[in-house]
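Notes to accompany the following structure.
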Amino acid sequence: MPMTQRAIDTFQATTALACFLHIPELAARLSKEDRGGNWQLPENPAPTSTV
């Protein structure tokens with residue numbers, strides 16, 4: 001991960017440009033694996049403790 005402000009700005013600009021150009025959707029469409037998000041969730045999730 002970038003540590004300097006200039007590196008962070010560059011990373012954010014690159015990410016914004018990729019999203020503007022719809023690169024993530026293109027990569028998902030060309031992916032060989034099924035990325036549909038059909039996760040099999042349990043009917044009742046494990047209880048969490050309340051403090």
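Letters for chains follow the order of the structure tokens (A, B, ...), residue numbers begin at 1 for each chain, and ligand numbers begin at 1 in the order shown.
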When DSSP is applied to the backbone of this structure, which of chain A are assigned alpha helix (DSSP H)? Write them out as a compact mmCIF listing (two decimals) with C-alpha atoms, in the first residue's frame.
```txt
# COMPACT_ATOMS: atom_id res chain seq x y z
CA GLN A 5 0.68 11.42 -0.01
CA ARG A 6 1.83 11.49 -3.63
CA ALA A 7 1.59 7.71 -3.88
CA ILE A 8 -1.87 7.74 -2.28
CA ASP A 9 -3.05 10.43 -4.72
CA THR A 10 -1.69 8.44 -7.65
CA PHE A 11 -3.37 5.25 -6.43
CA GLN A 12 -6.71 7.02 -5.99
CA ALA A 13 -6.49 8.69 -9.40
CA THR A 14 -5.64 5.38 -11.08
CA THR A 15 -8.50 3.62 -9.31
CA ALA A 16 -10.94 6.40 -10.24
CA LEU A 17 -9.86 6.24 -13.88
CA ALA A 18 -10.28 2.46 -13.96
CA CYS A 19 -13.79 2.75 -12.52
CA PHE A 20 -14.67 5.54 -14.96
CA ILE A 23 -12.51 -1.80 -16.12
CA PRO A 24 -13.88 -3.85 -13.14
CA GLU A 25 -17.03 -4.78 -15.08
CA LEU A 26 -14.95 -5.75 -18.11
CA ALA A 27 -12.66 -7.89 -15.96
CA ALA A 28 -15.66 -9.59 -14.33
CA ARG A 29 -17.23 -10.28 -17.72
CA LEU A 30 -14.02 -11.83 -19.06
```
